[in-house]
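Below is the file coords.txt, which contains compact mmCIF, C-alpha atoms and all ligand atoms.
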# COMPACT_ATOMS: atom_id res chain seq x y z
CA MET A 1 50.37 69.81 70.11
CA PRO A 2 49.51 69.99 73.86
CA LYS A 3 45.84 70.87 74.27
CA HIS A 4 45.10 73.40 77.00
CA THR A 5 41.41 73.68 77.61
CA HIS A 6 41.54 77.38 77.12
CA GLY A 7 43.85 80.36 76.68
CA ASN A 8 45.05 79.17 73.28
CA VAL A 9 45.81 81.94 70.80
CA LEU A 10 46.79 81.36 67.17
CA VAL A 11 48.44 84.38 65.54
CA VAL A 12 48.80 84.65 61.79
CA GLY A 13 50.97 87.67 61.15
CA SER A 14 54.13 89.58 60.43
CA ILE A 15 57.54 89.41 62.06
CA ASN A 16 59.78 92.48 61.54
CA MET A 17 63.03 93.94 62.70
CA ASP A 18 62.34 97.57 63.59
CA VAL A 19 65.02 100.13 62.72
CA VAL A 20 64.08 102.76 65.27
CA THR A 21 65.37 106.24 64.45
CA PRO A 22 64.76 109.03 66.98
CA ILE A 23 64.19 112.45 65.38
CA ASP A 24 63.17 115.94 66.49
CA GLN A 25 60.80 116.45 63.56
CA LEU A 26 59.93 114.77 60.28
CA PRO A 27 62.22 115.82 57.40
CA LEU A 28 60.68 117.83 54.56
CA PRO A 29 60.99 116.44 50.99
CA GLY A 30 64.61 116.99 49.89
CA GLU A 31 65.76 117.87 53.42
CA THR A 32 68.50 116.03 55.37
CA ILE A 33 68.23 116.00 59.15
CA MET A 34 70.40 114.50 61.87
CA ALA A 35 68.83 111.71 63.93
CA GLY A 36 69.65 110.11 67.26
CA ASP A 37 71.21 106.67 67.71
CA VAL A 38 69.48 103.96 65.69
CA GLN A 39 68.34 100.84 67.54
CA LEU A 40 67.34 97.46 66.11
CA ILE A 41 64.30 96.24 68.06
CA ALA A 42 62.09 93.18 67.50
CA GLY A 43 58.68 94.12 66.10
CA GLY A 44 56.05 93.32 63.50
CA LYS A 45 52.35 93.65 64.23
CA GLY A 46 51.81 89.88 64.31
CA ALA A 47 54.86 89.09 66.43
CA ASN A 48 54.07 91.96 68.81
CA ALA A 49 50.51 90.70 69.33
CA ALA A 50 51.86 87.17 69.83
CA VAL A 51 54.35 88.38 72.47
CA ALA A 52 51.60 90.36 74.20
CA ALA A 53 49.29 87.34 74.30
CA ALA A 54 52.12 85.16 75.66
CA ARG A 55 53.19 87.68 78.34
CA LEU A 56 49.57 88.21 79.34
CA GLY A 57 48.60 84.64 80.05
CA GLY A 58 47.97 83.00 76.67
CA HIS A 59 49.42 79.86 75.10
CA VAL A 60 50.50 81.12 71.69
CA HIS A 61 51.17 79.50 68.34
CA MET A 62 52.46 81.70 65.51
CA ILE A 63 52.13 81.29 61.76
CA GLY A 64 54.56 83.56 59.92
CA ALA A 65 57.84 83.75 58.06
CA VAL A 66 61.31 85.25 58.35
CA GLY A 67 64.22 85.38 55.91
CA ASP A 68 67.22 83.09 56.23
CA ASP A 69 69.31 85.97 57.57
CA ALA A 70 70.65 87.39 60.84
CA PHE A 71 67.44 89.36 61.56
CA GLY A 72 65.31 86.28 60.95
CA ASN A 73 67.35 84.09 63.30
CA THR A 74 67.16 86.70 66.07
CA LEU A 75 63.44 87.38 65.59
CA LYS A 76 62.45 83.71 65.63
CA ALA A 77 64.66 83.00 68.67
CA ASN A 78 63.04 85.94 70.51
CA LEU A 79 59.58 84.49 69.93
CA GLN A 80 60.68 81.04 71.09
CA ASN A 81 62.17 82.62 74.24
CA GLU A 82 58.71 84.02 74.99
CA GLY A 83 57.35 80.45 74.95
CA ILE A 84 55.63 80.94 71.58
CA ASN A 85 55.34 77.83 69.41
CA CYS A 86 57.18 78.69 66.16
CA ASP A 87 56.85 75.32 64.40
CA ARG A 88 54.95 77.14 61.65
CA VAL A 89 57.29 80.14 61.36
CA ALA A 90 58.98 79.41 58.04
CA VAL A 91 62.57 80.40 57.33
CA ILE A 92 62.66 81.36 53.66
CA LYS A 93 65.79 81.48 51.52
CA ASP A 94 66.76 84.34 49.21
CA ILE A 95 64.48 86.93 50.77
CA SER A 96 65.05 89.44 53.58
CA SER A 97 63.24 89.31 56.87
CA GLY A 98 60.50 91.90 57.24
CA THR A 99 61.93 95.27 58.21
CA ALA A 100 60.25 98.41 59.51
CA VAL A 101 61.89 101.82 59.51
CA ILE A 102 60.37 103.76 62.40
CA LEU A 103 60.81 107.51 62.73
CA LEU A 104 60.23 108.22 66.40
CA ASP A 105 59.36 111.79 67.42
CA LYS A 106 61.43 112.27 70.59
CA GLN A 107 59.09 114.92 71.99
CA SER A 108 55.67 113.30 71.53
CA GLY A 109 56.54 109.58 71.35
CA GLN A 110 54.47 109.38 68.13
CA ASN A 111 55.89 107.48 65.20
CA SER A 112 55.84 107.16 61.43
CA ILE A 113 56.41 103.62 60.16
CA MET A 114 57.47 102.27 56.77
CA VAL A 115 57.31 98.49 56.43
CA SER A 116 59.19 96.40 53.90
CA ALA A 117 57.31 93.08 53.90
CA GLY A 118 60.17 90.78 52.84
CA ALA A 119 59.43 87.23 54.00
CA ASN A 120 56.04 88.30 55.42
CA ALA A 121 54.77 88.41 51.82
CA LYS A 122 55.53 84.67 51.55
CA VAL A 123 53.46 83.53 54.54
CA THR A 124 51.11 80.67 53.67
CA GLU A 125 48.17 79.34 55.69
CA ALA A 126 48.40 76.20 57.82
CA LYS A 127 46.83 73.45 55.73
CA ASP A 128 46.31 70.96 58.58
CA GLU A 129 43.32 71.52 60.83
CA SER A 130 45.03 70.67 64.13
CA VAL A 131 46.17 74.20 64.84
CA TYR A 132 42.62 75.52 64.44
CA THR A 133 41.05 72.85 66.62
CA TRP A 134 43.76 73.59 69.25
CA ALA A 135 43.09 77.34 69.31
CA ASN A 136 40.35 79.26 71.11
CA VAL A 137 41.08 82.51 69.25
CA LEU A 138 42.61 83.40 65.88
CA MET A 139 44.31 86.82 65.74
CA MET A 140 45.33 88.45 62.44
CA GLN A 141 46.51 91.79 61.06
CA LEU A 142 47.19 93.01 57.51
CA GLU A 143 50.97 92.82 57.09
CA THR A 144 50.70 89.32 55.61
CA PRO A 145 48.83 88.43 52.37
CA VAL A 146 45.07 89.06 52.58
CA CYS A 147 44.36 85.73 50.82
CA VAL A 148 46.09 83.96 53.72
CA ASN A 149 43.93 85.84 56.20
CA VAL A 150 40.78 84.89 54.29
CA GLU A 151 41.73 81.20 54.19
CA SER A 152 42.80 81.17 57.86
CA ALA A 153 39.60 82.93 58.92
CA LYS A 154 37.48 80.41 57.01
CA ARG A 155 39.27 77.47 58.67
CA ALA A 156 38.90 79.12 62.07
CA LYS A 157 35.19 79.66 61.51
CA GLN A 158 34.77 76.00 60.55
CA ALA A 159 36.53 75.06 63.79
CA GLY A 160 34.16 77.35 65.71
CA ILE A 161 36.80 79.60 67.27
CA THR A 162 36.73 83.39 67.75
CA VAL A 163 38.30 85.36 64.88
CA ILE A 164 39.85 88.79 65.53
CA LEU A 165 41.23 91.04 62.79
CA ASP A 166 43.30 94.13 63.56
CA PRO A 167 42.96 95.83 60.14
CA ALA A 168 46.39 97.46 60.21
CA PRO A 169 47.83 98.78 58.04
CA ALA A 170 44.36 99.62 56.73
CA ILE A 171 43.34 98.54 53.22
CA SER A 172 40.19 100.14 51.78
CA ASP A 173 39.11 97.23 49.55
CA LEU A 174 39.17 94.22 51.86
CA PRO A 175 36.97 91.36 50.60
CA ASP A 176 33.54 90.84 52.17
CA GLU A 177 34.34 87.16 52.77
CA LEU A 178 37.01 88.26 55.26
CA PHE A 179 34.61 90.50 57.20
CA ALA A 180 32.02 87.72 57.14
CA CYS A 181 34.40 85.39 59.02
CA CYS A 182 35.50 87.98 61.62
CA ASP A 183 33.86 88.12 65.04
CA ILE A 184 35.78 91.21 66.14
CA LEU A 185 37.49 94.03 64.21
CA LEU A 186 40.04 96.15 66.05
CA PRO A 187 40.74 99.32 64.03
CA ASN A 188 42.04 102.59 65.42
CA GLU A 189 40.10 105.67 64.36
CA THR A 190 42.37 106.34 61.34
CA GLU A 191 42.02 102.77 60.10
CA LEU A 192 38.25 102.97 60.63
CA ALA A 193 38.18 106.07 58.40
CA THR A 194 40.11 104.23 55.67
CA LEU A 195 37.86 101.18 55.87
CA THR A 196 34.63 103.20 55.68
CA GLY A 197 35.51 106.47 53.91
CA MET A 198 33.73 108.23 56.80
CA ASP A 199 34.95 110.87 59.27
CA THR A 200 36.03 109.48 62.63
CA ASP A 201 37.14 112.57 64.57
CA SER A 202 34.41 112.64 67.21
CA ILE A 203 33.00 109.79 69.31
CA PRO A 204 29.56 109.96 67.55
CA GLN A 205 31.36 109.79 64.19
CA VAL A 206 33.33 106.74 65.36
CA VAL A 207 30.12 105.03 66.43
CA ALA A 208 28.39 105.87 63.12
CA ALA A 209 31.35 104.61 61.05
CA SER A 210 31.54 101.43 63.16
CA LYS A 211 27.84 100.73 62.62
CA ALA A 212 28.35 101.16 58.87
CA LEU A 213 31.31 98.77 58.94
CA LEU A 214 29.36 96.18 60.95
CA LYS A 215 27.03 95.84 57.97
CA ARG A 216 29.87 94.09 56.11
CA GLY A 217 29.63 91.09 58.43
CA SER A 218 31.61 91.20 61.68
CA LYS A 219 29.70 91.15 64.98
CA HIS A 220 31.79 93.50 67.12
CA ILE A 221 34.06 96.47 66.48
CA ILE A 222 36.41 97.77 69.11
CA VAL A 223 37.93 101.09 68.04
CA THR A 224 41.12 102.06 69.85
CA LEU A 225 41.40 105.82 70.38
CA GLY A 226 44.84 106.36 71.93
CA GLN A 227 44.62 108.41 75.11
CA ARG A 228 40.81 108.57 74.73
CA GLY A 229 40.53 104.81 75.39
CA ALA A 230 38.38 102.53 73.25
CA ILE A 231 34.79 102.13 72.06
CA TRP A 232 33.03 98.77 71.73
CA VAL A 233 30.27 98.87 69.11
CA THR A 234 27.69 96.25 68.11
CA GLN A 235 24.54 96.81 66.02
CA ASP A 236 22.46 97.63 69.10
CA HIS A 237 24.99 98.76 71.72
CA ASN A 238 28.04 100.96 72.18
CA GLN A 239 30.22 101.54 75.22
CA HIS A 240 33.16 103.89 75.76
CA PHE A 241 36.04 102.72 78.00
CA THR A 242 38.58 105.30 79.19
CA THR A 243 42.22 104.75 80.10
CA MET A 244 44.61 106.40 82.53
CA PRO A 245 46.77 109.15 80.99
CA VAL A 246 50.53 108.52 80.75
CA THR A 247 53.42 110.51 79.29
CA PRO A 248 54.21 108.60 76.08
CA ILE A 249 57.82 107.69 75.33
CA ASP A 250 57.04 105.61 72.25
CA THR A 251 53.57 104.56 71.11
CA THR A 252 54.89 101.72 68.90
CA ALA A 253 53.06 98.43 69.59
CA ALA A 254 50.36 100.02 71.78
CA GLY A 255 47.66 98.68 69.45
CA ASP A 256 49.42 95.30 69.17
CA SER A 257 49.60 95.02 72.98
CA PHE A 258 45.88 95.81 73.18
CA ALA A 259 45.19 93.14 70.55
CA GLY A 260 47.32 90.46 72.19
CA ALA A 261 45.87 91.18 75.63
CA LEU A 262 42.32 91.04 74.29
CA ALA A 263 43.01 87.76 72.46
CA ALA A 264 44.54 86.14 75.55
CA ASN A 265 41.64 87.19 77.78
CA LEU A 266 38.94 86.10 75.33
CA ALA A 267 40.74 82.79 74.85
CA ARG A 268 40.57 82.28 78.63
CA GLY A 269 36.81 82.65 78.41
CA GLN A 270 36.35 86.25 79.52
CA SER A 271 33.77 88.48 77.86
CA ILE A 272 34.55 91.50 75.67
CA PRO A 273 33.58 94.13 78.30
CA GLU A 274 35.59 92.26 80.95
CA SER A 275 38.61 92.13 78.63
CA ILE A 276 38.74 95.70 77.31
CA PRO A 277 40.00 97.43 80.51
CA PHE A 278 42.82 94.85 80.76
CA ALA A 279 43.70 95.34 77.08
CA LEU A 280 43.60 99.13 77.43
CA ALA A 281 45.98 98.98 80.39
CA ALA A 282 48.36 96.77 78.36
CA GLY A 283 48.26 99.15 75.40
CA THR A 284 48.72 102.22 77.57
CA LEU A 285 51.70 100.72 79.41
CA ALA A 286 53.34 99.86 76.07
CA CYS A 287 53.55 103.62 75.39
CA THR A 288 55.77 104.19 78.43
CA LYS A 289 58.87 102.36 77.10
CA LEU A 290 60.97 102.52 73.94
CA GLY A 291 60.44 99.94 71.22
CA ALA A 292 57.85 97.38 70.24
CA GLN A 293 58.41 94.05 72.01
CA PRO A 294 60.52 95.42 74.91
CA SER A 295 57.60 97.70 75.85
CA ILE A 296 54.93 94.98 76.09
CA PRO A 297 53.96 94.50 79.76
CA THR A 298 53.47 91.36 81.84
CA THR A 299 50.23 90.42 83.60
CA ASP A 300 51.66 91.62 86.95
CA ALA A 301 52.52 95.03 85.48
CA VAL A 302 49.04 95.37 83.98
CA PHE A 303 47.29 94.55 87.26
CA ALA A 304 49.61 96.91 89.17
CA PHE A 305 48.71 99.68 86.70
CA ILE A 306 44.98 98.96 86.94
CA ASN A 307 45.19 99.02 90.73
CA THR A 308 46.82 102.48 90.71
CA SER A 309 44.05 103.86 88.46
CA PRO A 310 41.52 106.13 90.19
CA GLN A 311 38.24 104.23 90.62
CA THR A 312 35.30 105.87 88.84
O1 LIG A 401 52.50 98.18 65.26
C1 LIG A 401 53.88 98.42 65.37
C2 LIG A 401 54.63 97.59 64.37
O2 LIG A 401 54.27 97.99 63.06
C3 LIG A 401 56.12 97.73 64.43
O3 LIG A 401 56.73 96.85 65.34
C4 LIG A 401 56.54 97.52 62.97
O4 LIG A 401 57.29 96.38 62.78
C5 LIG A 401 55.25 97.51 62.18
O5 LIG A 401 54.88 96.22 61.86

Using the file provided, produce a representation of the structure as structure tokens.
Ligand code: RIB
Amino acid sequence: MPKHTHGNVLVVGSINMDVVTPIDQLPLPGETIMAGDVQLIAGGKGANAAVAAARLGGHVHMIGAVGDDAFGNTLKANLQNEGINCDRVAVIKDISSGTAVILLDKQSGQNSIMVSAGANAKVTEAKDESVYTWANVLMMQLETPVCVNVESAKRAKQAGITVILDPAPAISDLPDELFACCDILLPNETELATLTGMDTDSIPQVVAASKALLKRGSKHIIVTLGQRGAIWVTQDHNQHFTTMPVTPIDTTAAGDSFAGALAANLARGQSIPESIPFALAAGTLACTKLGAQPSIPTTDAVFAFINTSPQT
């Protein structure tokens, strides 16, 4: 594996085909509604973060799995076309590729997502150490088995690299040994509420819940807040970063773009406060286009967006 001195991001995560269905409003139980044209779009929280890290300057290696089916072939080829090393993306027989049904509200750009794990449930950790000694940053989410995340995080810690967990979709009973290995948690405010059982509506509530969560072991929490930006919280510090407002078309993969951008920047040696504005711009831009991976911006687009932002 070619060793770059920095910028190396290892992603352990899901790979899904998104079945994107535009609707005017969510159907009630028992109701049938007409939807707009369905589109099949490459997604999955892990794959989206991997694509973001690759488009935003990282060298990326992915650990994941797809089914031995048409979706799987397309999804793996897409990742390879982004320059992502897929040597450890398994192709598994007799199981479907991960699939997400996304109901997209045409007016607000907000979505409701139902994920069928398929092959993602069969992901196993890399047993050889070389991928962990190669990486500068390990990035994980929760659409692959938690036991794989725990094992990967332990190996990453032994190798001395930065471990980031985007706890999405949120699970309330994550093991302490996972938190203990994580340097940075990246929940949104809803996921933070699930993880802590605390209210997270206001900024002070978000800070209080983050401080409670920090007690479980991670060193930093960065809470993404949609149009309100993000808050970075440590035991003795918190800092709110704002973002420029946009008219959202589709918010899918905004959090994944933030995560991938953050991972790529940290892997290049930048600090957390240096990296958050870049990650926020990436996440915000992802809301301005339809779909998950097609909406993830390049480095040039992110810098152009930052340069048009009013200076405060
Ligand atoms: O975060 C967005 C992603 O969540 C979608 O691409 C979908 O596949 C689900 O994993």

Taking all listed atoms of ligand LIG 401 (chain A), build the axis-aligned box, pad each of the six sides by 5 Å, then write its centre and edge lengths in Å to one decimal as JSON.
{"center_x": 54.9, "center_y": 97.3, "center_z": 63.6, "size_x": 14.8, "size_y": 12.2, "size_z": 13.5}

Which one of A:Gln25, A:Thr252, A:Ser309, A:Thr196 sits closest to ligand LIG 401 (chain A) if you count all atoms listed in the file?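 Nearest to ligand LIG 401 (chain A): A:Thr252.
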
Could you tell me, as a PyMOL selection string, which residues have any atom at most 12 Å from (62.6, 112.0, 69.8), counting all atoms listed in the file? chain A and resi 20-26+34-38+102-112+248-251+290

Grab me every residue within 9 Å of ligand LIG 401 (chain A), counting all atoms listed in the file, and send it over as an MDAnalysis selection string. chainID A and resid 14:19 41:49 98:102 113:115 117 143 168:169 251:257 291:293

Which neighbours of range 147-162 of chain A fall inside 10 Å, counting all atoms listed in the file, when residues of the same chain fewer than 4 positions from it are skipped, and could you give them as a short mmCIF file (atom, residue, chain, number, x, y, z; two decimals) with C-alpha atoms, keeping the file's coordinate frame?
data_model
loop_
_atom_site.label_atom_id
_atom_site.label_comp_id
_atom_site.auth_asym_id
_atom_site.auth_seq_id
_atom_site.Cartn_x
_atom_site.Cartn_y
_atom_site.Cartn_z
CA VAL A 9 45.81 81.94 70.80
CA LEU A 10 46.79 81.36 67.17
CA VAL A 12 48.80 84.65 61.79
CA GLY A 13 50.97 87.67 61.15
CA ALA A 121 54.77 88.41 51.82
CA LYS A 122 55.53 84.67 51.55
CA VAL A 123 53.46 83.53 54.54
CA THR A 124 51.11 80.67 53.67
CA GLU A 125 48.17 79.34 55.69
CA ALA A 126 48.40 76.20 57.82
CA LYS A 127 46.83 73.45 55.73
CA ASP A 128 46.31 70.96 58.58
CA GLU A 129 43.32 71.52 60.83
CA SER A 130 45.03 70.67 64.13
CA VAL A 131 46.17 74.20 64.84
CA TYR A 132 42.62 75.52 64.44
CA THR A 133 41.05 72.85 66.62
CA TRP A 134 43.76 73.59 69.25
CA ALA A 135 43.09 77.34 69.31
CA ASN A 136 40.35 79.26 71.11
CA VAL A 137 41.08 82.51 69.25
CA LEU A 138 42.61 83.40 65.88
CA MET A 139 44.31 86.82 65.74
CA MET A 140 45.33 88.45 62.44
CA GLN A 141 46.51 91.79 61.06
CA LEU A 142 47.19 93.01 57.51
CA GLU A 143 50.97 92.82 57.09
CA LEU A 174 39.17 94.22 51.86
CA PRO A 175 36.97 91.36 50.60
CA ASP A 176 33.54 90.84 52.17
CA GLU A 177 34.34 87.16 52.77
CA LEU A 178 37.01 88.26 55.26
CA PHE A 179 34.61 90.50 57.20
CA ALA A 180 32.02 87.72 57.14
CA CYS A 181 34.40 85.39 59.02
CA CYS A 182 35.50 87.98 61.62
CA ASP A 183 33.86 88.12 65.04
CA ILE A 184 35.78 91.21 66.14
CA ALA A 263 43.01 87.76 72.46
CA LEU A 266 38.94 86.10 75.33
CA ALA A 267 40.74 82.79 74.85
#

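CA of Lys219 in chain A to CA of Val302 in chain A spans 27.4 Å [interatomic distance, one decimal].
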
Quick one: everything within 6 Å of range 232-235 of chain A, counting only C-alpha atoms, minus sequence neighbours fewer than 2 positions away in the same chain. Send it as a list in words. His220, Ile221, Ile222, His237, Asn238 and Gln239 of chain A

Could you work out how far CA of Val223 in chain A lies from CA of Val207 in chain A, giving the answer in Å with one decimal? 8.9 Å

What is the CA of Arg55 in chain A-CA of Asp166 in chain A distance in Å, reported with one decimal? 18.9 Å

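Distance check against Val66 in chain A using all atoms listed in the file: of A:Lys93, A:Arg228, A:His240, A:Arg216, the minimum falls on A:Lys93.
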
Neighbouring residues of Thr194 in chain A were defined as those with any atom within 9 Å, considering all atoms listed in the file; residues of the same chain fewer than 6 positions away were excluded. Please report them as a ChimeraX atom specification. /A:170-172

Restricting it to C-alpha atoms, dump the selection as a compact mmCIF listing (two decimals), keeping the file's coordinate frame.
# COMPACT_ATOMS: atom_id res chain seq x y z
CA ALA A 170 44.36 99.62 56.73
CA ILE A 171 43.34 98.54 53.22
CA SER A 172 40.19 100.14 51.78

Selection near Asp201 in chain A, 9 Å with all atoms listed in the file, sequence-local residues under 5 positions removed, as a JSON list (two decimals) with C-alpha atoms, in the frame of the given file:
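This is the output file part_33.json:
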[["chain", "number", "residue", "atom", "x", "y", "z"],
["A", 189, "GLU", "CA", 40.10, 105.67, 64.36],
["A", 190, "THR", "CA", 42.37, 106.34, 61.34],
["A", 206, "VAL", "CA", 33.33, 106.74, 65.36]]

Nearest residue to Ile306 in chain A from the set A:Cys287, A:Ile33, A:Ala279, A:Val91 (distances using all atoms listed in the file): A:Ala279

Give me range 195-211 of chain A with N, CA and C atoms filled in, as a PDB file, keeping the file's coordinate frame.
ATOM      1  N   LEU A 195      38.731 102.317  56.204  1.00  0.00           N
ATOM      2  CA  LEU A 195      37.860 101.180  55.870  1.00  0.00           C
ATOM      3  C   LEU A 195      36.472 101.639  55.426  1.00  0.00           C
ATOM      4  N   THR A 196      36.018 102.777  55.943  1.00  0.00           N
ATOM      5  CA  THR A 196      34.630 103.200  55.680  1.00  0.00           C
ATOM      6  C   THR A 196      34.519 104.419  54.771  1.00  0.00           C
ATOM      7  N   GLY A 197      35.608 105.202  54.639  1.00  0.00           N
ATOM      8  CA  GLY A 197      35.510 106.470  53.910  1.00  0.00           C
ATOM      9  C   GLY A 197      34.736 107.513  54.690  1.00  0.00           C
ATOM     10  N   MET A 198      34.514 107.287  55.984  1.00  0.00           N
ATOM     11  CA  MET A 198      33.730 108.230  56.800  1.00  0.00           C
ATOM     12  C   MET A 198      34.647 108.982  57.768  1.00  0.00           C
ATOM     13  N   ASP A 199      34.184 110.131  58.262  1.00  0.00           N
ATOM     14  CA  ASP A 199      34.950 110.870  59.270  1.00  0.00           C
ATOM     15  C   ASP A 199      34.889 110.136  60.602  1.00  0.00           C
ATOM     16  N   THR A 200      35.992 110.185  61.340  1.00  0.00           N
ATOM     17  CA  THR A 200      36.030 109.480  62.630  1.00  0.00           C
ATOM     18  C   THR A 200      36.697 110.351  63.697  1.00  0.00           C
ATOM     19  N   ASP A 201      36.474 111.674  63.607  1.00  0.00           N
ATOM     20  CA  ASP A 201      37.140 112.570  64.570  1.00  0.00           C
ATOM     21  C   ASP A 201      36.454 112.544  65.937  1.00  0.00           C
ATOM     22  N   SER A 202      35.134 112.582  65.937  1.00  0.00           N
ATOM     23  CA  SER A 202      34.410 112.640  67.210  1.00  0.00           C
ATOM     24  C   SER A 202      33.902 111.239  67.590  1.00  0.00           C
ATOM     25  N   ILE A 203      33.524 111.088  68.854  1.00  0.00           N
ATOM     26  CA  ILE A 203      33.000 109.790  69.310  1.00  0.00           C
ATOM     27  C   ILE A 203      31.719 109.418  68.533  1.00  0.00           C
ATOM     28  N   PRO A 204      30.742 110.341  68.351  1.00  0.00           N
ATOM     29  CA  PRO A 204      29.560 109.960  67.550  1.00  0.00           C
ATOM     30  C   PRO A 204      29.925 109.538  66.128  1.00  0.00           C
ATOM     31  N   GLN A 205      30.935 110.190  65.536  1.00  0.00           N
ATOM     32  CA  GLN A 205      31.360 109.790  64.190  1.00  0.00           C
ATOM     33  C   GLN A 205      31.962 108.379  64.203  1.00  0.00           C
ATOM     34  N   VAL A 206      32.735 108.087  65.240  1.00  0.00           N
ATOM     35  CA  VAL A 206      33.330 106.740  65.360  1.00  0.00           C
ATOM     36  C   VAL A 206      32.230 105.696  65.470  1.00  0.00           C
ATOM     37  N   VAL A 207      31.225 105.988  66.265  1.00  0.00           N
ATOM     38  CA  VAL A 207      30.120 105.030  66.430  1.00  0.00           C
ATOM     39  C   VAL A 207      29.384 104.846  65.094  1.00  0.00           C
ATOM     40  N   ALA A 208      29.118 105.959  64.396  1.00  0.00           N
ATOM     41  CA  ALA A 208      28.390 105.870  63.120  1.00  0.00           C
ATOM     42  C   ALA A 208      29.206 105.072  62.094  1.00  0.00           C
ATOM     43  N   ALA A 209      30.507 105.337  62.018  1.00  0.00           N
ATOM     44  CA  ALA A 209      31.350 104.610  61.050  1.00  0.00           C
ATOM     45  C   ALA A 209      31.411 103.126  61.427  1.00  0.00           C
ATOM     46  N   SER A 210      31.492 102.836  62.723  1.00  0.00           N
ATOM     47  CA  SER A 210      31.540 101.430  63.160  1.00  0.00           C
ATOM     48  C   SER A 210      30.257 100.709  62.777  1.00  0.00           C
ATOM     49  N   LYS A 211      29.127 101.382  62.966  1.00  0.00           N
ATOM     50  CA  LYS A 211      27.840 100.730  62.620  1.00  0.00           C
ATOM     51  C   LYS A 211      27.781 100.459  61.118  1.00  0.00           C
TER      52      LYS A 211
END
